[in-house]
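Pasting work.cif here (mmCIF, C-alpha atoms):
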data_structure
loop_
_atom_site.label_atom_id
_atom_site.label_comp_id
_atom_site.auth_asym_id
_atom_site.auth_seq_id
_atom_site.Cartn_x
_atom_site.Cartn_y
_atom_site.Cartn_z
CA MET F 1 -41.64 78.50 5.89
CA THR F 2 -45.19 77.18 6.14
CA GLY F 3 -46.32 80.79 6.35
CA ALA F 4 -44.26 81.78 3.30
CA ILE F 5 -45.53 78.87 1.20
CA THR F 6 -49.13 79.59 2.20
CA SER F 7 -48.77 83.32 1.57
CA PHE F 8 -47.11 83.03 -1.85
CA SER F 9 -49.66 80.47 -3.00
CA THR F 10 -52.63 82.43 -1.63
CA MET F 11 -51.37 85.60 -3.32
CA ALA F 12 -51.22 83.83 -6.69
CA ILE F 13 -54.78 82.55 -6.25
CA ALA F 14 -55.99 86.03 -5.23
CA VAL F 15 -54.37 87.54 -8.33
CA ARG F 16 -56.01 84.87 -10.53
CA GLU F 17 -59.39 85.68 -8.95
CA LEU F 18 -58.89 89.35 -9.90
CA LYS F 19 -58.41 88.49 -13.58
CA GLY F 20 -60.60 90.77 -15.67
CA ALA F 21 -61.60 92.91 -12.70
CA HIS F 22 -58.43 95.01 -12.48
CA ASP F 23 -55.29 95.49 -14.55
CA THR F 24 -51.83 94.81 -13.11
CA PHE F 25 -51.19 98.45 -12.21
CA GLU F 26 -54.42 98.70 -10.23
CA ILE F 27 -53.57 95.49 -8.37
CA MET F 28 -50.06 96.77 -7.60
CA ALA F 29 -51.43 100.11 -6.36
CA ALA F 30 -53.83 98.33 -4.03
CA ARG F 31 -51.19 95.89 -2.85
CA SER F 32 -48.75 98.72 -2.11
CA ALA F 33 -51.39 100.77 -0.28
CA VAL F 34 -52.19 97.86 2.03
CA GLY F 35 -48.48 97.13 2.50
CA LEU F 36 -47.61 100.76 3.28
CA LEU F 37 -50.35 100.94 5.90
CA ILE F 38 -49.10 97.76 7.57
CA VAL F 39 -45.44 98.87 7.50
CA VAL F 40 -46.17 102.32 8.97
CA VAL F 41 -48.47 100.97 11.70
CA LEU F 42 -46.00 98.25 12.73
CA ALA F 43 -43.03 100.65 12.63
CA TRP F 44 -44.95 103.13 14.80
CA ALA F 45 -46.10 100.42 17.23
CA THR F 46 -42.54 99.12 17.68
CA GLY F 47 -40.90 102.54 17.85
CA ARG F 48 -38.93 102.05 14.65
CA LEU F 49 -40.19 104.98 12.56
CA ARG F 50 -36.80 106.60 13.14
CA ASP F 51 -35.23 103.78 11.12
CA ILE F 52 -36.76 105.21 7.95
CA ARG F 53 -34.04 107.17 6.18
CA ALA F 54 -33.95 109.25 3.01
CA ASP F 55 -30.22 109.49 2.31
CA ARG F 56 -30.19 106.66 -0.26
CA LEU F 57 -33.24 107.48 -2.31
CA GLY F 58 -31.40 106.83 -5.58
CA GLY F 59 -30.80 103.22 -4.61
CA HIS F 60 -34.41 102.81 -3.51
CA VAL F 61 -35.72 104.30 -6.77
CA LEU F 62 -33.61 101.88 -8.83
CA ARG F 63 -34.56 98.86 -6.73
CA ASN F 64 -38.25 99.63 -6.67
CA ALA F 65 -38.51 100.48 -10.37
CA VAL F 66 -37.04 97.06 -11.19
CA HIS F 67 -39.12 95.27 -8.56
CA PHE F 68 -42.30 97.04 -9.69
CA THR F 69 -41.65 95.89 -13.24
CA GLY F 70 -41.04 92.32 -12.08
CA GLN F 71 -44.17 92.25 -9.93
CA ASN F 72 -46.36 93.51 -12.77
CA LEU F 73 -44.91 90.93 -15.15
CA TRP F 74 -45.49 88.19 -12.53
CA ILE F 75 -49.09 89.27 -11.95
CA TRP F 76 -49.68 89.37 -15.70
CA ALA F 77 -48.18 85.89 -16.12
CA VAL F 78 -50.41 84.48 -13.35
CA THR F 79 -53.46 85.51 -15.39
CA LEU F 80 -52.15 83.97 -18.62
CA ILE F 81 -50.45 80.61 -17.97
CA PRO F 82 -50.76 77.72 -15.48
CA LEU F 83 -49.73 78.66 -11.94
CA ALA F 84 -47.17 75.85 -11.72
CA GLN F 85 -45.39 77.16 -14.82
CA VAL F 86 -45.24 80.68 -13.35
CA PHE F 87 -43.73 79.38 -10.10
CA ALA F 88 -41.24 77.15 -11.91
CA LEU F 89 -39.94 80.08 -13.96
CA GLU F 90 -39.89 82.28 -10.84
CA PHE F 91 -37.44 79.82 -9.26
CA THR F 92 -34.89 80.79 -11.93
CA ALA F 93 -34.25 84.15 -10.19
CA PRO F 94 -31.24 82.75 -8.26
CA VAL F 95 -29.78 81.55 -11.56
CA TRP F 96 -29.93 85.08 -12.93
CA VAL F 97 -28.30 86.35 -9.74
CA LEU F 98 -25.42 83.96 -10.45
CA VAL F 99 -25.07 85.34 -13.96
CA LEU F 100 -25.46 89.02 -13.08
CA SER F 101 -23.49 89.18 -9.80
CA PRO F 102 -20.06 89.17 -11.48
CA LEU F 103 -21.13 92.11 -13.64
CA LEU F 104 -22.89 94.15 -10.96
CA LEU F 105 -21.23 93.09 -7.69
CA GLY F 106 -17.80 92.04 -8.92
CA GLU F 107 -18.25 88.49 -7.58
CA LYS F 108 -16.31 85.61 -9.11
CA ILE F 109 -17.90 82.76 -11.05
CA THR F 110 -16.60 79.53 -9.54
CA ARG F 111 -16.80 76.17 -11.27
CA LEU F 112 -19.75 75.11 -9.12
CA ARG F 113 -21.54 78.39 -9.82
CA LEU F 114 -21.08 77.79 -13.52
CA VAL F 115 -22.49 74.25 -13.23
CA ALA F 116 -25.42 75.61 -11.21
CA ALA F 117 -26.11 78.26 -13.86
CA VAL F 118 -26.00 75.69 -16.67
CA LEU F 119 -28.44 73.43 -14.80
CA GLY F 120 -30.72 76.41 -14.28
CA PHE F 121 -30.79 77.28 -17.96
CA VAL F 122 -31.42 73.66 -18.92
CA GLY F 123 -34.38 73.73 -16.57
CA ILE F 124 -35.61 76.98 -18.14
CA LEU F 125 -35.55 75.42 -21.59
CA ILE F 126 -37.53 72.41 -20.38
CA VAL F 127 -40.15 74.55 -18.60
CA ALA F 128 -40.51 77.19 -21.32
CA ARG F 129 -40.02 74.87 -24.34
CA PRO F 130 -39.25 77.82 -26.61
CA ASN F 131 -40.78 77.10 -30.01
CA VAL F 132 -43.49 78.68 -32.12
CA HIS F 133 -46.16 76.39 -30.67
CA THR F 134 -45.48 76.59 -26.91
CA LEU F 135 -43.78 79.95 -26.37
CA ASN F 136 -46.31 82.65 -25.52
CA VAL F 137 -46.46 86.06 -23.87
CA GLY F 138 -47.27 84.53 -20.48
CA VAL F 139 -44.10 82.41 -20.48
CA VAL F 140 -42.02 85.41 -21.59
CA ALA F 141 -43.58 87.58 -18.86
CA ALA F 142 -42.86 84.97 -16.15
CA ALA F 143 -39.26 84.51 -17.34
CA ALA F 144 -38.71 88.27 -17.52
CA SER F 145 -40.12 88.70 -14.01
CA ALA F 146 -37.50 86.27 -12.71
CA ILE F 147 -34.74 88.44 -14.20
CA CYS F 148 -36.27 91.50 -12.53
CA PHE F 149 -36.44 89.64 -9.20
CA ALA F 150 -32.77 88.74 -9.58
CA LEU F 151 -31.88 92.39 -10.14
CA THR F 152 -34.04 93.28 -7.14
CA ASN F 153 -32.09 90.82 -4.98
CA ILE F 154 -28.80 92.32 -6.13
CA THR F 155 -29.88 95.92 -5.48
CA THR F 156 -31.33 94.85 -2.13
CA LYS F 157 -27.99 93.35 -1.20
CA LEU F 158 -26.33 96.67 -1.98
CA LEU F 159 -28.91 98.59 0.07
CA THR F 160 -28.79 96.30 3.11
CA ARG F 161 -25.13 97.11 3.62
CA ARG F 162 -26.24 100.42 5.15
CA GLU F 163 -30.04 100.33 5.22
CA GLY F 164 -32.43 98.62 7.64
CA ILE F 165 -35.38 96.42 6.71
CA VAL F 166 -37.98 98.93 7.94
CA SER F 167 -36.60 101.67 5.71
CA ILE F 168 -36.40 99.29 2.72
CA LEU F 169 -40.00 98.13 3.17
CA PHE F 170 -41.27 101.69 3.68
CA TRP F 171 -39.73 103.00 0.46
CA LEU F 172 -40.72 99.79 -1.34
CA THR F 173 -44.42 100.19 -0.58
CA LEU F 174 -44.49 104.00 -0.91
CA MET F 175 -42.67 104.20 -4.24
CA GLN F 176 -44.59 101.30 -5.72
CA LEU F 177 -47.85 102.87 -4.57
CA VAL F 178 -46.93 106.03 -6.47
CA LEU F 179 -45.89 104.07 -9.57
CA GLY F 180 -49.04 101.95 -9.43
CA CYS F 181 -51.33 104.98 -9.11
CA VAL F 182 -49.60 106.92 -11.90
CA LEU F 183 -49.75 104.03 -14.35
CA ALA F 184 -53.28 103.02 -13.31
CA PHE F 185 -54.47 106.53 -14.22
CA TRP F 186 -52.30 106.72 -17.35
CA ASP F 187 -54.98 105.55 -19.78
CA GLY F 188 -57.64 107.72 -18.16
CA THR F 189 -59.64 104.70 -17.02
CA VAL F 190 -59.48 103.32 -13.49
CA ARG F 191 -61.59 100.47 -12.20
CA TRP F 192 -62.10 101.15 -8.51
CA PRO F 193 -62.42 98.29 -6.01
CA THR F 194 -65.85 96.74 -5.79
CA ALA F 195 -67.47 94.69 -3.06
CA ALA F 196 -66.38 91.59 -4.99
CA SER F 197 -62.79 92.61 -5.73
CA LEU F 198 -61.85 94.49 -2.55
CA PRO F 199 -61.32 91.39 -0.36
CA TRP F 200 -59.01 89.89 -3.02
CA LEU F 201 -57.05 93.14 -3.34
CA VAL F 202 -56.56 93.30 0.43
CA LEU F 203 -55.54 89.65 0.44
CA VAL F 204 -52.90 90.33 -2.22
CA GLY F 205 -51.48 93.15 -0.10
CA VAL F 206 -51.45 91.19 3.16
CA THR F 207 -50.04 87.97 1.70
CA GLY F 208 -47.41 89.87 -0.30
CA LEU F 209 -45.90 91.35 2.87
CA ALA F 210 -46.47 88.22 4.93
CA ALA F 211 -44.69 86.01 2.39
CA HIS F 212 -41.52 88.10 2.42
CA PHE F 213 -41.61 88.51 6.20
CA CYS F 214 -41.95 84.75 6.75
CA LEU F 215 -39.22 83.94 4.23
CA THR F 216 -36.84 86.48 5.77
CA SER F 217 -37.59 85.16 9.27
CA ALA F 218 -36.95 81.59 8.13
CA LEU F 219 -33.59 82.57 6.66
CA ARG F 220 -32.64 84.23 9.95
CA LEU F 221 -33.52 81.09 11.91
CA ALA F 222 -31.98 78.50 9.58
CA SER F 223 -29.47 78.26 6.76
CA ALA F 224 -30.46 78.80 3.15
CA SER F 225 -29.49 75.20 2.38
CA PHE F 226 -32.18 74.07 4.83
CA VAL F 227 -34.83 76.66 3.92
CA MET F 228 -34.64 76.39 0.14
CA PRO F 229 -35.79 72.75 -0.20
CA ILE F 230 -38.83 73.62 1.93
CA ASP F 231 -39.55 76.69 -0.21
CA PHE F 232 -39.57 74.44 -3.27
CA ILE F 233 -42.72 72.79 -1.87
CA ARG F 234 -44.49 75.85 -3.26
CA LEU F 235 -44.42 74.27 -6.71
CA PRO F 236 -46.41 71.07 -6.02
CA VAL F 237 -48.71 73.05 -3.70
CA ILE F 238 -49.59 75.60 -6.39
CA ALA F 239 -49.80 72.86 -9.03
CA LEU F 240 -52.39 71.10 -6.85
CA ALA F 241 -54.25 74.38 -6.29
CA GLY F 242 -54.28 75.06 -10.02
CA THR F 243 -55.68 71.60 -10.70
CA VAL F 244 -58.39 71.75 -8.03
CA LEU F 245 -59.47 75.37 -8.48
CA TYR F 246 -58.94 75.98 -12.20
CA GLY F 247 -58.73 72.55 -13.80
CA GLU F 248 -55.11 73.06 -14.88
CA SER F 249 -53.34 69.88 -15.92
CA VAL F 250 -50.07 69.02 -14.19
CA ASP F 251 -47.40 69.21 -16.89
CA ALA F 252 -44.63 66.68 -16.30
CA ALA F 253 -42.15 68.80 -18.27
CA VAL F 254 -42.75 71.75 -15.91
CA LEU F 255 -42.09 69.58 -12.87
CA ILE F 256 -38.95 68.02 -14.41
CA GLY F 257 -37.60 71.39 -15.48
CA ALA F 258 -38.34 72.88 -12.08
CA ALA F 259 -36.52 69.99 -10.38
CA ILE F 260 -33.43 70.68 -12.52
CA ILE F 261 -33.64 74.41 -11.70
CA PHE F 262 -33.89 73.50 -8.03
CA ALA F 263 -30.85 71.21 -8.31
CA GLY F 264 -28.80 74.05 -9.75
CA ASN F 265 -29.91 76.49 -7.06
CA TYR F 266 -29.34 73.98 -4.27
CA LEU F 267 -25.89 73.05 -5.58
CA ASN F 268 -24.90 76.71 -5.49
CA ILE F 269 -26.23 77.23 -1.96
CA ARG F 270 -24.46 74.15 -0.63
CA ALA F 271 -21.25 75.34 -2.24
CA GLU F 272 -21.66 78.86 -0.82
CA THR F 273 -22.29 77.55 2.69
CA ARG F 274 -19.38 75.11 2.28
CA GLN F 275 -21.38 72.10 3.36
CA PRO F 276 -20.27 68.74 1.98
CA LEU F 277 -22.45 67.23 -0.70
CA GLY F 278 -23.85 63.78 -0.13
#

Can you turn what I pasted into structure tokens?
Amino acid sequence: MTGAITSFSTMAIAVRELKGAHDTFEIMAARSAVGLLIVVVLAWATGRLRDIRADRLGGHVLRNAVHFTGQNLWIWAVTLIPLAQVFALEFTAPVWVLVLSPLLLGEKITRLRLVAAVLGFVGILIVARPNVHTLNVGVVAAAASAICFALTNITTKLLTRREGIVSILFWLTLMQLVLGCVLAFWDGTVRWPTAASLPWLVLVGVTGLAAHFCLTSALRLASASFVMPIDFIRLPVIALAGTVLYGESVDAAVLIGAAIIFAGNYLNIRAETRQPLG
């Protein structure tokens, strides 16, 4: 989990450093190109290229269109609002999974799930503070990205029933590379990597894959109820980074709201794993 926390935080800083140099589509194209190269090389080196399958392309297209949208919204939010606020709203993705799973997966809403969802939405209101003075496009983008990430998690769950991780990562990076390139060229103007921006673009690509690999590995080694509290350390870490690097003030409301969101998520995980509370 140390690797995941470091990677997610470093990726956010790299994206912030690219502000003004590239638009979100150019960043996503570069990130996907680096990711695709890494996935193909590692699959070839481990003899797992045969795991890449093309019999569920429809599911991959749906998943990656949603994920691509969420990633672009997240990148955009990182350039607009404090990093801690982006991360706090990102933590609401599990809440949206709770809400959407009954509709898309046919799962039941238990009493504890309902309580967890309510806590999550209370936390969202505290973090976002939706009124004419505090609500802005950055907050909306971050909140919308969390919904997209929730839909990504649901479609991933459907895919993993019959699809391996190598195939999922291959189609993820390939399809998002295509989407990123198409949309980057859409307006007829493309800002190519420069000596100053190239290292940051590569860093976004490497840390993006590394973060998900580390998080997945952690979940394989330990239960979600153990991993999730550690993952939550990302918030104070990125809040500190935002303060030191960009002079962002630490908003108490963001931290309080994030703690409530975390409580809702953790309550749901403990209930799902049937571990006694307290």

Decode the PyMOL selection byres ((chain F and resi 95-106) around 9) for the given file into explicit residues and return them as a list of chain:residue names. F:Phe91, F:Thr92, F:Ala93, F:Pro94, F:Glu107, F:Lys108, F:Ile109, F:Arg113, F:Leu114, F:Ala116, F:Ala117, F:Val118, F:Leu119, F:Gly120, F:Phe121, F:Ala146, F:Ile147, F:Phe149, F:Ala150, F:Leu151, F:Asn153, F:Ile154, F:Leu158, F:Ile261, F:Gly264, F:Asn265, F:Asn268

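Straight-line separation from atom CA of Met28 of chain F to atom CA of Leu49 of chain F: 23.9 Å.
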
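As for atom CA of Asp23 of chain F and atom CA of Ala184 of chain F, they are spaced 7.9 Å apart.
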
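Here atom CA of Ala14 of chain F stands at a distance of 19.5 Å from atom CA of His67 of chain F.
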
Once 8 Å is added on each side, what are the centre and the three edge lengths, in Å to one decimal, of the axis-aligned box enclosing the listed atoms of segment 75-81 of chain F? Present them as JSON.
{"center_x": -50.8, "center_y": 85.0, "center_z": -15.3, "size_x": 21.3, "size_y": 24.8, "size_z": 22.7}

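Of the listed residues F:Leu125, F:Ala196, F:Val166, F:Ile75, the one whose atoms come nearest to Trp44 of chain F is F:Val166, with distances taken using all atoms listed in the file.
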
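For segment 253-260 of chain F, the list of residues within 9 Å, based on all atoms listed in the file and with local chain neighbours fewer than 2 positions off taken out, reads Ala84, Gln85, Phe87, Ala88, Leu89, Phe91, Thr92, Leu119, Gly120, Phe121, Val122, Gly123, Ile124, Leu125, Ile126, Val127, Ala128, Arg129, Phe232, Leu235, Pro236, Val250, Asp251, Phe262, Ala263, Gly264 and Asn265 of chain F.
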
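Environment of (-61.4, 88.1, -3.8): residues at most 7 Å away, judged by only C-alpha atoms, are Ala14, Glu17, Leu18, Ala196, Ser197, Leu198, Pro199, Trp200 and Leu201 of chain F.
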
Across F:Tyr246, F:Phe185, F:Phe170, F:Trp192, the smallest distance to Ala21 of chain F, with only C-alpha atoms counted, is shown by F:Trp192

In terms of the shortest atom-to-atom distance over all atoms listed in the file, which of F:Gly59, F:Gly3, F:Gly70, F:Gly247 is closest to Thr156 of chain F? F:Gly59

With all atoms listed in the file as the counted atoms, please give the residues lying no more than 8 Å from Asn64 of chain F, apart from itself and same-chain residues fewer than 4 positions off, as a PDB file with C-alpha atoms, keeping the file's coordinate frame.
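part_16.pdb, written as the output of this step:
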ATOM      1  CA  HIS F  60     -34.410 102.810  -3.510  1.00  0.00           C
ATOM      2  CA  PHE F  68     -42.300  97.040  -9.690  1.00  0.00           C
ATOM      3  CA  THR F 152     -34.040  93.280  -7.140  1.00  0.00           C
ATOM      4  CA  LEU F 172     -40.720  99.790  -1.340  1.00  0.00           C
ATOM      5  CA  MET F 175     -42.670 104.200  -4.240  1.00  0.00           C
ATOM      6  CA  GLN F 176     -44.590 101.300  -5.720  1.00  0.00           C
TER       7      GLN F 176
END

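The nearest approach to Ser167 of chain F among the residues F:Ala33, F:Ala12, F:Met1, F:Leu57, with all atoms listed in the file taken into account, belongs to F:Leu57.
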
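Residues matched by the PyMOL selection byres ((chain F and resi 5) around 8) in this file: F:Met1, F:Thr2, F:Gly3, F:Ala4, F:Thr6, F:Ser7, F:Phe8, F:Ser9, F:Ala211, F:Asp231, F:Ile233, F:Arg234.
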
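For the set F:His22, F:Val86, F:Ser32, F:Arg56, the residue with the smallest atom-to-atom gap to Arg161 of chain F is F:Arg56, counting only C-alpha atoms.
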
Shell of 10 Å around Ile52 of chain F, all atoms listed in the file, local chain residues under 4 positions omitted, as a list in words: Val40, Ala43, Arg48, Glu163, Gly164, Ile165, Val166, Ser167, Ile168, Leu169, Phe170 and Trp171 of chain F

Next, the residues of the selection above should be written as a PDB file, in the frame of the given file with C-alpha atoms.
ATOM      1  CA  VAL F  40     -46.170 102.320   8.970  1.00  0.00           C
ATOM      2  CA  ALA F  43     -43.030 100.650  12.630  1.00  0.00           C
ATOM      3  CA  ARG F  48     -38.930 102.050  14.650  1.00  0.00           C
ATOM      4  CA  GLU F 163     -30.040 100.330   5.220  1.00  0.00           C
ATOM      5  CA  GLY F 164     -32.430  98.620   7.640  1.00  0.00           C
ATOM      6  CA  ILE F 165     -35.380  96.420   6.710  1.00  0.00           C
ATOM      7  CA  VAL F 166     -37.980  98.930   7.940  1.00  0.00           C
ATOM      8  CA  SER F 167     -36.600 101.670   5.710  1.00  0.00           C
ATOM      9  CA  ILE F 168     -36.400  99.290   2.720  1.00  0.00           C
ATOM     10  CA  LEU F 169     -40.000  98.130   3.170  1.00  0.00           C
ATOM     11  CA  PHE F 170     -41.270 101.690   3.680  1.00  0.00           C
ATOM     12  CA  TRP F 171     -39.730 103.000   0.460  1.00  0.00           C
TER      13      TRP F 171
END
